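run-v4.cif (mmCIF, C-alpha atoms) appears below.
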data_entry
#
loop_
_atom_site.group_PDB
_atom_site.id
_atom_site.type_symbol
_atom_site.label_atom_id
_atom_site.label_comp_id
_atom_site.auth_asym_id
_atom_site.auth_seq_id
_atom_site.Cartn_x
_atom_site.Cartn_y
_atom_site.Cartn_z
ATOM 1 C CA MET A 1 0.000 0.000 0.000
ATOM 2 C CA PHE A 2 1.247 3.505 -0.807
ATOM 3 C CA HIS A 3 2.426 5.192 2.292
ATOM 4 C CA VAL A 4 5.025 7.928 2.141
ATOM 5 C CA VAL A 5 5.988 7.474 5.788
ATOM 6 C CA GLY A 6 6.302 3.719 5.340
ATOM 7 C CA ALA A 7 8.560 4.198 2.322
ATOM 8 C CA ALA A 8 10.674 6.720 4.259
ATOM 9 C CA ILE A 9 11.037 4.255 7.145
ATOM 10 C CA LYS A 10 12.095 1.497 4.759
ATOM 11 C CA LEU A 11 14.636 3.833 3.203
ATOM 12 C CA ALA A 12 15.986 4.893 6.616
ATOM 13 C CA LEU A 13 16.383 1.230 7.613
ATOM 14 C CA GLY A 14 18.330 0.550 4.466
ATOM 15 C CA GLU A 15 15.553 -1.594 3.027
ATOM 16 C CA LYS A 16 14.718 -1.573 -0.653
ATOM 17 C CA VAL A 17 11.894 0.753 -1.656
ATOM 18 C CA GLY A 18 10.303 -0.636 -4.765
ATOM 19 C CA GLU A 19 8.334 1.238 -7.352
ATOM 20 C CA GLU A 20 5.238 -0.628 -6.172
ATOM 21 C CA ASP A 21 5.718 0.989 -2.725
ATOM 22 C CA LEU A 22 5.221 4.412 -4.288
ATOM 23 C CA ILE A 23 2.102 3.809 -6.365
ATOM 24 C CA PRO A 24 -0.882 5.633 -4.858
ATOM 25 C CA ARG A 25 -3.898 3.457 -4.173
ATOM 26 C CA TYR A 26 -6.270 6.279 -3.302
ATOM 27 C CA HIS A 27 -6.791 9.675 -4.866
ATOM 28 C CA ASN A 28 -8.300 11.655 -2.013
ATOM 29 C CA GLY A 29 -7.749 15.280 -1.218
ATOM 30 C CA VAL A 30 -7.129 16.920 2.111
ATOM 31 C CA ALA A 31 -7.390 20.476 3.324
ATOM 32 C CA ILE A 32 -6.415 22.015 6.621
ATOM 33 C CA ARG A 33 -7.689 25.420 7.589
ATOM 34 C CA TYR A 34 -6.398 27.573 10.409
ATOM 35 C CA PHE A 35 -8.115 30.552 11.958
ATOM 36 C CA PHE A 36 -6.018 33.340 13.414
ATOM 37 C CA PRO A 37 -7.897 35.236 16.117
ATOM 38 C CA GLU A 38 -6.783 38.520 17.572
ATOM 39 C CA SER A 39 -4.436 38.234 20.526
ATOM 40 C CA GLY A 40 -5.914 38.248 24.021
ATOM 41 C CA ARG A 41 -7.804 35.928 26.364
ATOM 42 C CA VAL A 42 -10.214 33.412 24.821
ATOM 43 C CA LYS A 43 -13.664 34.046 26.297
ATOM 44 C CA LYS A 44 -15.559 31.317 24.465
ATOM 45 C CA ILE A 45 -15.620 29.300 21.266
ATOM 46 C CA ARG A 46 -18.955 29.677 19.533
ATOM 47 C CA ASN A 47 -20.762 27.801 16.783
ATOM 48 C CA ALA A 48 -18.356 24.843 16.542
ATOM 49 C CA ASP A 49 -21.363 22.518 16.829
ATOM 50 C CA ASN A 50 -22.673 23.962 13.550
ATOM 51 C CA PHE A 51 -20.188 21.634 11.830
ATOM 52 C CA ASP A 52 -21.247 18.414 13.591
ATOM 53 C CA ASN A 53 -23.304 17.168 10.632
ATOM 54 C CA VAL A 54 -21.413 18.747 7.751
ATOM 55 C CA LEU A 55 -20.344 15.837 5.522
ATOM 56 C CA TRP A 56 -17.113 17.392 4.296
ATOM 57 C CA VAL A 57 -15.862 18.218 7.814
ATOM 58 C CA HIS A 58 -14.202 15.079 9.147
ATOM 59 C CA ARG A 59 -12.440 16.638 12.098
ATOM 60 C CA LEU A 60 -12.707 19.963 13.855
ATOM 61 C CA GLY A 61 -10.345 20.815 16.657
ATOM 62 C CA PHE A 62 -8.979 23.756 18.535
ATOM 63 C CA PHE A 63 -5.577 24.357 20.038
ATOM 64 C CA VAL A 64 -6.991 26.772 22.618
ATOM 65 C CA LYS A 65 -9.801 26.694 25.148
ATOM 66 C CA PRO A 66 -11.687 29.382 27.054
ATOM 67 C CA GLY A 67 -9.343 31.092 29.470
ATOM 68 C CA ASP A 68 -6.222 30.586 27.336
ATOM 69 C CA ILE A 69 -4.172 33.565 26.233
ATOM 70 C CA VAL A 70 -3.655 33.920 22.476
ATOM 71 C CA GLU A 71 -0.363 35.587 21.652
ATOM 72 C CA PRO A 72 0.128 37.647 18.493
ATOM 73 C CA VAL A 73 0.506 35.385 15.468
ATOM 74 C CA THR A 74 4.057 35.546 14.113
ATOM 75 C CA ASN A 75 4.039 32.236 12.182
ATOM 76 C CA HIS A 76 1.738 29.310 11.409
ATOM 77 C CA THR A 77 2.689 27.426 14.601
ATOM 78 C CA LYS A 78 1.205 30.136 16.801
#
Please express the file's structure as structure tokens.
Amino acid sequence: MFHVVGAAIKLALGEKVGEEDLIPRYHNGVAIRYFFPESGRVKKIRNADNFDNVLWVHRLGFFVKPGDIVEPVTNHTK
């Protein structure tokens, strides 16, 4: 099965990576979206439940919770 990480592990272990290891079996897309709020204290997260039954949303998560302090965004990891 095509798996980039699996092929990289094989390569790192000195194992042969065959052409068949690099043939994709699935042609699915993926998208990740980030929201960048203003800096300050998070009061609440609203309307997240609006996405509970949206077919194209497979996972919705937050890296902050109410009470957390959001620092100014200087790069995508913030």
Applying the PyMOL selection byres ((chain A and resi 18) around 12) to the file I just gave you, which residues come out? Please list them as a ChimeraX atom specification. /A:1-2,6-8,10-11,15-17,19-23
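Across A:Val30, A:Leu55, A:Val70, A:Leu60, the tightest approach to Val42 in chain A is made by A:Val70 when counting all atoms listed in the file.
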Could you state which residues are captured by the PyMOL selection byres ((chain A and resi 62) around 10) in this file, as a ChimeraX atom specification? /A:34-35,45,48,60-61,63-65
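Restricting the calculation to only C-alpha atoms, the smallest distance between Ile32 in chain A and any of A:Glu71, A:His3, A:Thr77, A:Arg59 is found for A:Arg59.
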Can you spell out as a list in words the set of residues that the PyMOL selection byres ((chain A and resi 69) around 6) selects in the structure I just provided? Gly40, Arg41, Asp68 and Val70 of chain A
Please indicate the distance in Å from CA of Ala31 in chain A to CA of Pro66 in chain A, rounded to one decimal place. 25.7 Å
Straight-line distance linking CA of Lys43 in chain A with CA of His76 in chain A, stated in Å to one decimal: 21.9 Å
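CA of Val54 in chain A to CA of Arg33 in chain A spans 15.3 Å [interatomic distance, one decimal].
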Enclose all atoms of range 51-58 of chain A listed in the file in an axis-aligned box, grow every side by 4 Å, and hand back centre and edge lengths in Å to one decimal, as lines of an AutoDock Vina configuration file.
center_x = -18.8
center_y = 18.4
center_z = 8.9
size_x = 17.1
size_y = 14.6
size_z = 17.3
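You can rank A:Ser39, A:Val4, A:Gly29, A:Phe51 by their closest distance to Val73 in chain A using all atoms listed in the file, and at the top of that list sits A:Ser39.
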Using all atoms listed in the file, find the one residue out of A:Pro37, A:Arg46, A:Asp52, A:His58 that sits nearest to Pro72 in chain A.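 Looking at the shortest contact to Pro72 in chain A, the residue is A:Pro37.
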